[in-house]
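What follows is the content of target_21.txt (compact mmCIF, C-alpha atoms and all ligand atoms).
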# COMPACT_ATOMS: atom_id res chain seq x y z
CA MET A 23 -1.49 34.48 9.57
CA ASN A 24 -4.02 32.00 10.87
CA TRP A 25 -1.97 31.03 13.96
CA TYR A 26 -2.61 34.53 15.32
CA VAL A 27 -6.39 34.44 15.12
CA LYS A 28 -7.68 35.43 18.54
CA GLU A 29 -10.54 33.68 20.28
CA LYS A 30 -11.86 37.04 21.46
CA ASP A 31 -12.36 38.07 17.81
CA PHE A 32 -15.17 35.53 17.35
CA PRO A 33 -17.90 37.62 15.64
CA GLU A 34 -20.59 36.95 18.27
CA LYS A 35 -22.93 39.67 16.97
CA ASP A 36 -22.39 39.15 13.25
CA SER A 37 -24.09 36.92 10.69
CA MET A 38 -24.07 33.11 10.75
CA GLU A 39 -21.84 33.21 7.69
CA ASP A 40 -19.23 35.32 9.51
CA LYS A 41 -19.33 33.00 12.51
CA LEU A 42 -18.89 29.85 10.42
CA LYS A 43 -16.09 31.51 8.47
CA PHE A 44 -14.32 32.21 11.75
CA LEU A 45 -14.45 28.50 12.64
CA ILE A 46 -12.55 27.66 9.46
CA ASN A 47 -9.53 29.53 10.90
CA TYR A 48 -9.13 26.56 13.23
CA ALA A 49 -9.68 23.88 10.58
CA VAL A 50 -6.75 25.09 8.49
CA LEU A 51 -4.29 24.78 11.38
CA ALA A 52 -4.50 21.00 11.01
CA PRO A 53 -1.48 19.00 9.81
CA SER A 54 -1.39 17.79 6.20
CA SER A 55 1.08 15.74 4.20
CA HIS A 56 3.86 18.03 2.90
CA ASN A 57 1.75 20.92 4.27
CA THR A 58 -0.27 20.76 1.04
CA GLN A 59 -3.47 21.75 2.87
CA PRO A 60 -5.59 19.76 0.41
CA TRP A 61 -8.95 21.11 1.58
CA LYS A 62 -11.66 23.55 0.54
CA PHE A 63 -14.68 24.81 2.45
CA SER A 64 -17.99 26.27 1.45
CA ILE A 65 -20.52 27.96 3.72
CA LYS A 66 -24.15 27.43 2.75
CA GLY A 67 -26.70 28.72 5.28
CA ASN A 68 -26.06 26.83 8.52
CA ASN A 69 -23.82 24.27 6.82
CA ILE A 70 -20.09 24.03 6.24
CA GLU A 71 -19.23 21.78 3.32
CA ILE A 72 -15.77 20.26 3.28
CA TYR A 73 -14.10 19.22 0.03
CA VAL A 74 -10.81 17.65 -0.96
CA ASP A 75 -8.70 19.74 -3.30
CA PHE A 76 -7.50 17.21 -5.86
CA THR A 77 -5.10 19.76 -7.38
CA ARG A 78 -3.02 19.33 -4.20
CA GLN A 79 -2.70 15.57 -4.43
CA LEU A 80 0.80 14.09 -4.16
CA HIS A 81 0.65 11.60 -7.02
CA GLU A 82 3.98 9.90 -6.33
CA VAL A 83 3.91 9.46 -2.57
CA ASP A 84 0.14 9.12 -2.28
CA PRO A 85 -1.31 7.65 -5.49
CA GLU A 86 -4.39 6.26 -3.71
CA LYS A 87 -5.11 9.67 -2.07
CA ARG A 88 -4.97 8.00 1.35
CA GLU A 89 -2.96 10.75 3.05
CA LEU A 90 -5.01 13.36 1.19
CA TYR A 91 -8.19 12.15 2.90
CA ILE A 92 -6.43 11.71 6.25
CA SER A 93 -5.32 15.35 6.05
CA VAL A 94 -8.87 16.51 5.36
CA GLY A 95 -10.02 14.42 8.34
CA CYS A 96 -7.55 16.30 10.57
CA ALA A 97 -9.09 19.60 9.42
CA ILE A 98 -12.62 18.31 10.15
CA SER A 99 -11.50 17.38 13.67
CA ASN A 100 -10.37 20.94 14.40
CA LEU A 101 -13.55 22.35 12.87
CA LEU A 102 -15.76 20.23 15.15
CA LEU A 103 -13.80 21.21 18.25
CA ALA A 104 -14.03 24.89 17.32
CA ALA A 105 -17.76 24.58 16.61
CA GLU A 106 -18.41 23.10 20.07
CA HIS A 107 -16.17 25.64 21.74
CA PHE A 108 -18.02 28.59 20.19
CA GLY A 109 -21.44 27.26 21.14
CA PHE A 110 -22.63 25.14 18.22
CA GLY A 111 -24.14 21.71 18.19
CA TYR A 112 -23.69 19.86 14.91
CA LYS A 113 -24.77 17.02 12.66
CA LEU A 114 -21.95 15.55 10.62
CA LYS A 115 -22.59 13.63 7.43
CA TYR A 116 -19.88 12.03 5.31
CA PHE A 117 -20.09 11.77 1.50
CA THR A 118 -17.08 9.60 0.89
CA GLY A 119 -19.09 6.85 -0.80
CA GLU A 120 -19.49 9.09 -3.81
CA GLU A 121 -17.13 10.27 -6.51
CA GLY A 122 -16.23 13.95 -6.44
CA GLU A 123 -14.72 16.43 -4.07
CA LEU A 124 -17.35 16.60 -1.34
CA VAL A 125 -16.18 14.82 1.83
CA ALA A 126 -18.57 15.98 4.53
CA ILE A 127 -21.27 18.45 5.44
CA ILE A 128 -21.48 19.81 8.98
CA GLU A 129 -24.85 21.30 9.87
CA LEU A 130 -24.51 23.68 12.79
CA TYR A 131 -27.10 24.96 15.25
CA PRO A 132 -26.89 27.04 18.44
CA ASP A 133 -26.12 24.99 21.53
CA LYS A 134 -24.47 25.29 24.91
CA ARG A 135 -20.97 26.76 24.75
CA GLU A 136 -18.35 24.19 25.77
CA THR A 137 -15.73 26.31 27.46
CA ASP A 138 -13.77 23.47 29.03
CA LEU A 139 -12.90 21.48 25.91
CA GLU A 140 -9.40 20.32 26.74
CA LEU A 141 -8.34 19.76 23.13
CA PHE A 142 -9.65 23.00 21.60
CA SER A 143 -7.05 25.12 23.39
CA GLN A 144 -4.28 22.95 21.92
CA ILE A 145 -5.12 23.69 18.26
CA PHE A 146 -2.85 26.78 18.29
CA LEU A 147 -0.04 24.95 20.06
CA ARG A 148 0.07 21.70 18.05
CA GLN A 149 2.93 21.24 15.64
CA THR A 150 4.93 18.49 13.98
CA ASN A 151 8.26 18.49 15.78
CA ARG A 152 11.11 16.71 13.96
CA GLY A 153 13.78 17.47 16.58
CA GLU A 154 15.62 14.85 18.62
CA TYR A 155 13.52 13.58 21.49
CA GLU A 156 14.87 13.22 25.03
CA PRO A 157 15.65 9.62 26.00
CA LYS A 158 13.01 9.90 28.70
CA GLU A 159 10.33 7.34 29.35
CA ILE A 160 6.75 8.52 28.86
CA GLU A 161 4.50 8.11 31.88
CA GLY A 162 1.91 5.30 31.66
CA GLU A 163 -0.86 7.73 32.63
CA LYS A 164 -0.07 9.86 29.59
CA LEU A 165 -0.13 6.82 27.31
CA GLN A 166 -3.58 5.96 28.63
CA LYS A 167 -4.78 9.47 27.78
CA LEU A 168 -3.50 9.11 24.21
CA LYS A 169 -5.21 5.74 23.90
CA ALA A 170 -8.46 7.20 25.21
CA CYS A 171 -8.60 9.50 22.14
CA VAL A 172 -8.98 6.44 19.92
CA ASP A 173 -12.24 4.51 19.85
CA ASP A 174 -12.93 2.42 16.74
CA LEU A 175 -9.31 2.42 15.51
CA ARG A 176 -6.24 0.64 16.80
CA LEU A 177 -3.35 2.53 18.37
CA ASP A 178 -0.18 0.56 19.02
CA LEU A 179 2.39 2.31 21.19
CA ILE A 180 5.69 0.50 20.77
CA THR A 181 8.25 0.79 23.54
CA ASP A 182 10.31 -2.39 23.25
CA GLN A 183 13.69 -1.87 21.63
CA LYS A 184 13.59 -4.98 19.46
CA THR A 185 10.36 -4.00 17.67
CA LYS A 186 11.52 -0.38 17.42
CA SER A 187 14.71 -1.45 15.71
CA GLU A 188 12.78 -3.71 13.28
CA ILE A 189 10.55 -0.73 12.46
CA ALA A 190 13.63 1.48 12.11
CA LYS A 191 14.95 -0.92 9.46
CA LEU A 192 11.68 -0.67 7.53
CA ILE A 193 11.83 3.13 7.67
CA SER A 194 15.38 3.07 6.36
CA LEU A 195 14.44 0.70 3.55
CA ALA A 196 11.40 2.79 2.62
CA HIS A 197 13.55 5.93 2.33
CA LYS A 198 15.96 4.07 0.06
CA ILE A 199 13.12 2.88 -2.19
CA GLN A 200 11.37 6.23 -2.33
CA LEU A 201 14.31 8.60 -2.62
CA SER A 202 16.12 6.61 -5.28
CA ASN A 203 13.07 7.19 -7.51
CA LYS A 204 13.53 10.35 -9.61
CA ALA A 205 9.80 11.07 -10.00
CA PHE A 206 9.34 10.81 -6.23
CA ARG A 207 12.22 13.23 -5.67
CA LYS A 208 10.83 15.67 -8.25
CA GLU A 209 7.48 15.77 -6.44
CA LEU A 210 9.08 16.08 -3.01
CA ALA A 211 11.32 18.87 -4.30
CA SER A 212 8.35 21.07 -5.14
CA TRP A 213 7.25 21.41 -1.49
CA PRO A 214 10.27 22.64 0.53
CA ARG A 215 10.28 26.41 1.16
CA HIS A 216 13.27 28.51 2.18
CA ASN A 217 13.21 30.12 5.59
CA TRP A 218 12.30 33.59 4.29
CA SER A 219 9.53 32.35 2.02
CA LYS A 220 6.17 34.11 2.24
CA ALA A 221 4.39 31.09 0.72
CA GLY A 222 1.34 29.95 2.66
CA ASP A 223 2.01 26.24 2.16
CA GLY A 224 4.85 23.72 1.86
CA MET A 225 7.61 22.64 4.22
CA ALA A 226 9.83 25.40 5.59
CA GLY A 227 13.52 24.60 6.08
CA TYR A 228 13.32 25.58 9.76
CA ALA A 229 10.77 22.78 10.35
CA PHE A 230 13.63 20.37 9.49
CA SER A 231 16.29 22.36 11.43
CA ILE A 232 17.82 23.48 8.12
CA PRO A 233 19.73 26.78 8.47
CA SER A 234 18.41 29.70 6.40
CA ILE A 235 21.19 29.82 3.79
CA MET A 236 21.04 26.06 3.26
CA SER A 237 17.25 26.20 3.00
CA LEU A 238 17.66 28.18 -0.26
CA PHE A 239 19.04 25.03 -1.90
CA GLY A 240 16.65 22.46 -0.38
CA SER A 241 14.59 21.82 -3.52
CA PHE A 242 17.68 21.69 -5.74
CA PHE A 243 19.39 19.11 -3.51
CA ILE A 244 16.36 16.84 -3.30
CA ARG A 245 15.73 17.00 -7.06
CA THR A 246 19.35 16.54 -8.07
CA PHE A 247 20.95 14.15 -5.61
CA ASP A 248 19.98 10.78 -4.27
CA ILE A 249 19.88 11.63 -0.56
CA SER A 250 18.33 8.28 0.32
CA LYS A 251 21.31 6.93 2.29
CA SER A 252 21.72 9.95 4.58
CA GLN A 253 17.97 10.29 5.15
CA ALA A 254 17.64 6.56 5.85
CA LYS A 255 20.50 6.67 8.38
CA LYS A 256 19.11 9.75 10.12
CA ASP A 257 15.57 8.40 10.49
CA GLU A 258 16.76 4.92 11.46
CA GLU A 259 18.64 6.51 14.36
CA LEU A 260 15.70 8.69 15.34
CA ALA A 261 13.37 5.67 15.29
CA ASN A 262 15.75 3.60 17.39
CA LYS A 263 16.06 6.39 19.94
CA ALA A 264 12.37 7.34 20.00
CA PRO A 265 10.82 6.72 23.43
CA ILE A 266 7.68 5.51 21.65
CA ILE A 267 6.66 4.67 18.10
CA GLY A 268 2.92 4.95 17.57
CA ILE A 269 0.99 3.26 14.77
CA LEU A 270 -2.65 4.12 14.10
CA SER A 271 -4.48 1.42 12.12
CA SER A 272 -8.02 0.89 10.86
CA THR A 273 -10.08 -2.20 10.03
CA GLU A 274 -11.14 -0.82 6.63
CA ASP A 275 -8.88 0.77 4.05
CA GLY A 276 -11.05 3.18 2.05
CA LYS A 277 -11.96 6.86 1.80
CA LEU A 278 -14.29 6.95 4.80
CA SER A 279 -11.85 5.18 7.09
CA TRP A 280 -9.04 7.48 5.94
CA VAL A 281 -11.09 10.57 6.83
CA LYS A 282 -11.96 9.03 10.21
CA VAL A 283 -8.28 8.21 10.81
CA GLY A 284 -7.56 11.92 10.27
CA VAL A 285 -10.32 13.00 12.67
CA THR A 286 -8.98 10.68 15.39
CA PHE A 287 -5.30 11.27 14.74
CA GLU A 288 -5.71 15.02 15.16
CA LYS A 289 -7.23 14.36 18.59
CA VAL A 290 -4.23 12.20 19.48
CA MET A 291 -1.89 14.98 18.36
CA LEU A 292 -3.81 17.61 20.33
CA MET A 293 -3.83 15.41 23.42
CA ALA A 294 -0.08 14.82 23.02
CA THR A 295 0.37 18.60 22.84
CA LYS A 296 -1.64 19.02 26.04
CA LEU A 297 0.58 16.44 27.74
CA ASN A 298 3.67 18.36 26.61
CA LEU A 299 4.60 15.57 24.19
CA SER A 300 5.81 16.04 20.62
CA ILE A 301 5.00 14.00 17.53
CA ALA A 302 6.82 13.54 14.21
CA PHE A 303 5.88 11.21 11.37
CA PHE A 304 7.48 8.02 10.03
CA ASN A 305 4.94 7.19 7.32
CA GLN A 306 7.39 5.92 4.72
CA PRO A 307 6.90 2.16 5.33
CA ILE A 308 3.13 2.65 5.07
CA GLU A 309 3.55 4.50 1.77
CA VAL A 310 5.43 1.60 0.14
CA PRO A 311 2.83 -1.21 -0.35
CA GLU A 312 5.19 -4.18 0.19
CA LEU A 313 6.63 -2.60 3.36
CA ARG A 314 3.15 -1.84 4.67
CA LYS A 315 2.51 -5.59 4.48
CA GLU A 316 5.76 -6.27 6.32
CA LEU A 317 4.80 -3.79 9.00
CA ARG A 318 1.48 -5.58 9.53
CA THR A 319 3.29 -8.88 9.86
CA LEU A 320 5.85 -7.41 12.25
CA LEU A 321 3.10 -5.98 14.46
CA GLY A 322 1.00 -9.12 14.09
CA ILE A 323 -2.11 -7.11 13.32
CA ALA A 324 -4.99 -7.71 10.92
CA GLU A 325 -5.77 -3.96 10.65
CA PHE A 326 -4.31 -1.59 8.06
CA PRO A 327 -1.57 0.72 9.36
CA GLN A 328 -2.44 4.30 8.35
CA LEU A 329 -0.04 6.59 10.22
CA MET A 330 3.23 5.95 12.03
CA PHE A 331 4.95 8.48 14.27
CA ARG A 332 7.37 8.90 17.14
CA ILE A 333 6.36 10.46 20.42
CA GLY A 334 8.63 12.09 22.97
CA TYR A 335 9.78 15.18 24.76
CA THR A 336 11.55 18.03 23.00
CA LYS A 337 11.54 21.83 22.81
CA PRO A 338 8.83 23.55 20.73
CA THR A 339 9.82 24.86 17.32
CA LYS A 340 8.59 27.56 14.91
CA TYR A 341 5.13 27.16 13.36
CA THR A 342 4.65 26.43 9.67
CA PRO A 343 2.63 28.68 7.32
CA ARG A 344 -0.97 28.34 6.21
CA ARG A 345 -2.84 29.69 3.20
CA ARG A 346 -5.25 32.59 3.72
CA LEU A 347 -8.91 31.76 4.31
CA GLU A 348 -9.81 33.45 1.01
CA GLU A 349 -7.79 30.76 -0.77
CA VAL A 350 -9.64 27.83 0.80
CA ILE A 351 -13.21 29.11 1.02
CA VAL A 352 -15.04 28.61 -2.25
C1 LIG A 401 -1.31 12.39 6.51
C2 LIG A 401 -0.04 13.09 6.90
C3 LIG A 401 1.17 12.55 6.52
C4 LIG A 401 2.37 13.17 6.90
N1 LIG A 401 3.56 12.59 6.57
C5 LIG A 401 4.71 13.14 7.00
C6 LIG A 401 5.95 12.48 6.78
O1 LIG A 401 6.00 11.38 6.23
N2 LIG A 401 7.08 13.08 7.21
C7 LIG A 401 7.06 14.28 7.88
O2 LIG A 401 8.11 14.77 8.27
N3 LIG A 401 5.89 14.91 8.12
C8 LIG A 401 4.72 14.38 7.71
N4 LIG A 401 3.54 14.99 7.98
C9 LIG A 401 3.54 16.26 8.71
C10 LIG A 401 3.35 17.44 7.78
O3 LIG A 401 4.51 17.65 7.01
C11 LIG A 401 2.98 18.68 8.62
O4 LIG A 401 1.73 18.46 9.18
C12 LIG A 401 2.94 19.94 7.79
O5 LIG A 401 4.20 20.26 7.27
C13 LIG A 401 2.44 21.12 8.62
O6 LIG A 401 3.22 21.30 9.75
P1 LIG A 401 2.62 21.25 11.21
O7 LIG A 401 2.08 19.87 11.44
O8 LIG A 401 3.77 21.56 12.11
O9 LIG A 401 1.53 22.27 11.33
C14 LIG A 401 2.34 14.38 7.64
C15 LIG A 401 1.10 14.92 8.00
C16 LIG A 401 -0.08 14.27 7.66
C17 LIG A 401 -1.41 14.84 8.10
Now, as a test, write the supplied structure out as structure tokens.
Ligand SMILES: Cc1cc2nc3c(=O)[nH]c(=O)nc-3n(C[C@H](O)[C@H](O)[C@H](O)COP(=O)(O)O)c2cc1C
Amino acid sequence: MNWYVKEKDFPEKDSMEDKLKFLINYAVLAPSSHNTQPWKFSIKGNNIEIYVDFTRQLHEVDPEKRELYISVGCAISNLLLAAEHFGFGYKLKYFTGEEGELVAIIELYPDKRETDLELFSQIFLRQTNRGEYEPKEIEGEKLQKLKACVDDLRLDLITDQKTKSEIAKLISLAHKIQLSNKAFRKELASWPRHNWSKAGDGMAGYAFSIPSIMSLFGSFFIRTFDISKSQAKKDEELANKAPIIGILSSTEDGKLSWVKVGVTFEKVMLMATKLNLSIAFFNQPIEVPELRKELRTLLGIAEFPQLMFRIGYTKPTKYTPRRRLEEVIV
């Protein structure tokens, strides 16, 4: 399992190929929508090529492939941090202007080892945590540190109750729209995994606090019943109670900006982890085009919202699975 890769196992004396392969262990620990892990990597000399895996696209929830590219961006972020940590400098080139699977090439060369990278050490600790968050205010200093991870994007951190409750209504409405759609439910139903599953991808029941026996029926329930009302109520409450709702937005809304959103968002998540803060997603209003517009109006922003999430304090939970490196290195 990738979460158990040990830093001390870095193959210092082995070939460049072995070293670069080791770095990919960190890339795959990134978050991805529905834990689809829609990425592939190829090692060519001193380069790591990063591709999207279109076979893992979620056609119903993500027809534009926006979240697909964001997920790949998250993986690139981890890869760059790992490269620096293990003593590589790099040149990063994006290929998102072109059709096809190639997203970026990272050319690596020996450089000074950065042993004090504060975010690298958080890659193994980061997780999406969907538990209830404590009703505890988050210190201003911590919020500044989260903001400092974001340069050419916009990060709104909403604390006022009125805006939070307006957002909560949009989340509730989005769930109702999405989950009352049979095709959406069918797609969603193919990603839950029961708690004993040995699958290397998908969403384990325990990540949603679903007891093991119940987790056996997760896919069946989602496919068969319209759970929109209960899900809408649950998330509306969570959004209302969240100490902070974060929204990451970009000025452009295309492939390159989606990848860059992923790169930056992963840094925000790693910084949150370092600050002992948890994050869970509320992307539904951004996934429904008319509600995305409403969200922009509500926030009074000209940028395009890309990711929405709550931030707060809660206990850590169990880590979700990843596919083996052999499955993602081509
Ligand atoms: C672009 C993107 C969109 C996501 N959307 C949601 C979401 O709407 N709801 C949710 O519960 N989790 C969402 N997630 C979190 C993933 O489900 C999670 O990253 C994945 O299951 C792996 O778990 P981990 O983050 O704990 O490693 C999203 C993640 C990414 C990168």
Item checked: Pick from A:Ile249, A:Ala104, A:Val94, A:Leu238 nearest to ligand LIG 401 (chain A), counting all atoms listed in the file ->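 For ligand LIG 401 (chain A), the nearest of the candidates is A:Val94.
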Checklist line | Nearest residue to ligand LIG 401 (chain A) from the set A:Ser93, A:Thr286, A:Gln79, A:Ser241 (distances using all atoms listed in the file) | finding: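 Of A:Ser93, A:Thr286, A:Gln79, A:Ser241, the one nearest ligand LIG 401 (chain A) is A:Ser93, counting all atoms listed in the file.
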Notebook entry, point to check: Which is closer to ligand LIG 401 (chain A) than all the others in A:Tyr335, A:Phe44, A:Tyr112, A:Trp25, using only C-alpha atoms and all ligand atoms?
Noted result: A:Trp25
Margin query: Show me which residues are within 8 Å of ligand LIG 401 (chain A) counting only C-alpha atoms and all ligand atoms, and format the list as a PyMOL selection string.
Written below: chain A and resi 51-58+88-93+96+148-152+224-226+229-230+284+302-306+329+341-343
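The smallest atom-to-atom distance between A:Asn68 and any of A:Ile46, A:Leu147, A:Leu130, A:Ile333, using all atoms listed in the file, is found for A:Leu130.
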Check: Of the candidates A:Pro307, A:Arg215, A:Phe117, A:Pro85, which one gets nearest to A:Ala254 if we count all atoms listed in the file?
Finding: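 Once distances to A:Ala254 are computed over all atoms listed in the file, the minimum belongs to A:Pro307.
Distances from A:Ser143, A:Ile160, A:Ala97, A:Tyr48 to A:Trp61 were compared using all atoms listed in the file, and the smallest one belongs to A:Ala97.
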Check: When you draw a straight line from atom CA of A:Thr295 to atom CA of A:Gly109, how long is it in Å?
Finding: 23.5 Å
Check: If we count all atoms listed in the file, what is near A:Lys167 at a cut-off of 9 Å, once residues fewer than 3 positions away on the same chain are taken out, given as a list of chain:residue names?
Finding: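 Non-adjacent residues within range: A:Gly162, A:Glu163, A:Lys164, A:Ala170, A:Cys171, A:Val290, A:Met293, A:Ala294, A:Leu297.
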Margin query: To one decimal place in Å, what is the distance between atom CA of A:Ile269 and atom CA of A:Leu141?
Written below: 20.7 Å
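Of note, atom CA of A:Arg346 and atom CA of A:Pro214 are spaced 18.7 Å apart.
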Next item on the list: Would you list the contacts of A:Ala211 as a PyMOL selection string, taking every protein, DNA or RNA residue within 8 Å and counting only C-alpha atoms, but skipping same-chain residues closer than 3 positions in sequence?
Entry: chain A and resi 207-208+214+240-242+244-245
Written file, previous selection with C-alpha atoms, as a PDB file, keeping the file's coordinate frame:
ATOM      1  CA  ARG A 207      12.220  13.230  -5.670  1.00  0.00           C
ATOM      2  CA  LYS A 208      10.830  15.670  -8.250  1.00  0.00           C
ATOM      3  CA  PRO A 214      10.270  22.640   0.530  1.00  0.00           C
ATOM      4  CA  GLY A 240      16.650  22.460  -0.380  1.00  0.00           C
ATOM      5  CA  SER A 241      14.590  21.820  -3.520  1.00  0.00           C
ATOM      6  CA  PHE A 242      17.680  21.690  -5.740  1.00  0.00           C
ATOM      7  CA  ILE A 244      16.360  16.840  -3.300  1.00  0.00           C
ATOM      8  CA  ARG A 245      15.730  17.000  -7.060  1.00  0.00           C
TER       9      ARG A 245
END
Checklist line | Residue contacts of stretch 28-34 of chain A (9 Å, only C-alpha atoms) excluding same-chain residues fewer than 4 positions away, as a list of chain:residue names | finding: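 My reading of the contact set: A:Asp40, A:Lys41, A:Phe44, A:Leu45, A:Phe108.
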Check: If I put a ball of radius 12 Å at (13.2, -3.3, 20.5) in the file's coordinates, which residues poke into it when counting only C-alpha atoms, written as a VMD selection string?
Finding: chain A and resid 180 to 191 261 to 267 320
Write the residues you've just listed into a file as an mmCIF file, in the coordinates of the input, and include C-alpha atoms for each of them.
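Output below, filename part_17.cif:
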data_model
loop_
_atom_site.group_PDB
_atom_site.id
_atom_site.type_symbol
_atom_site.label_atom_id
_atom_site.label_comp_id
_atom_site.auth_asym_id
_atom_site.auth_seq_id
_atom_site.Cartn_x
_atom_site.Cartn_y
_atom_site.Cartn_z
ATOM 1 C CA ILE A 180 5.690 0.500 20.770
ATOM 2 C CA THR A 181 8.250 0.790 23.540
ATOM 3 C CA ASP A 182 10.310 -2.390 23.250
ATOM 4 C CA GLN A 183 13.690 -1.870 21.630
ATOM 5 C CA LYS A 184 13.590 -4.980 19.460
ATOM 6 C CA THR A 185 10.360 -4.000 17.670
ATOM 7 C CA LYS A 186 11.520 -0.380 17.420
ATOM 8 C CA SER A 187 14.710 -1.450 15.710
ATOM 9 C CA GLU A 188 12.780 -3.710 13.280
ATOM 10 C CA ILE A 189 10.550 -0.730 12.460
ATOM 11 C CA ALA A 190 13.630 1.480 12.110
ATOM 12 C CA LYS A 191 14.950 -0.920 9.460
ATOM 13 C CA ALA A 261 13.370 5.670 15.290
ATOM 14 C CA ASN A 262 15.750 3.600 17.390
ATOM 15 C CA LYS A 263 16.060 6.390 19.940
ATOM 16 C CA ALA A 264 12.370 7.340 20.000
ATOM 17 C CA PRO A 265 10.820 6.720 23.430
ATOM 18 C CA ILE A 266 7.680 5.510 21.650
ATOM 19 C CA ILE A 267 6.660 4.670 18.100
ATOM 20 C CA LEU A 320 5.850 -7.410 12.250
#
Axis-aligned box for stretch 79-89 of chain A, 6 Å per side, centre and edges in Å as lines of an AutoDock Vina configuration file:
center_x = -0.6
center_y = 10.9
center_z = -2.0
size_x = 21.1
size_y = 21.3
size_z = 22.1
Notebook entry, point to check: Near A:Ala105, within 12 Å and counting all atoms listed in the file, which residues show up once chain neighbours fewer than 5 positions away are dropped, as a PyMOL selection string?
Noted result: chain A and resi 32+41-49+68-70+98-100+110-114+128-137+139+142
Got a sec: who's within 9 Å of A:Lys337, counting all atoms listed in the file, leaving out chain neighbours fewer than 5 positions off, as a PDB file with C-alpha atoms, in the frame of the given file?
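So around22.pdb came out as:
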ATOM      1  CA  ASN A 151       8.260  18.490  15.780  1.00  0.00           C
ATOM      2  CA  GLY A 153      13.780  17.470  16.580  1.00  0.00           C
ATOM      3  CA  TYR A 155      13.520  13.580  21.490  1.00  0.00           C
ATOM      4  CA  SER A 300       5.810  16.040  20.620  1.00  0.00           C
TER       5      SER A 300
END
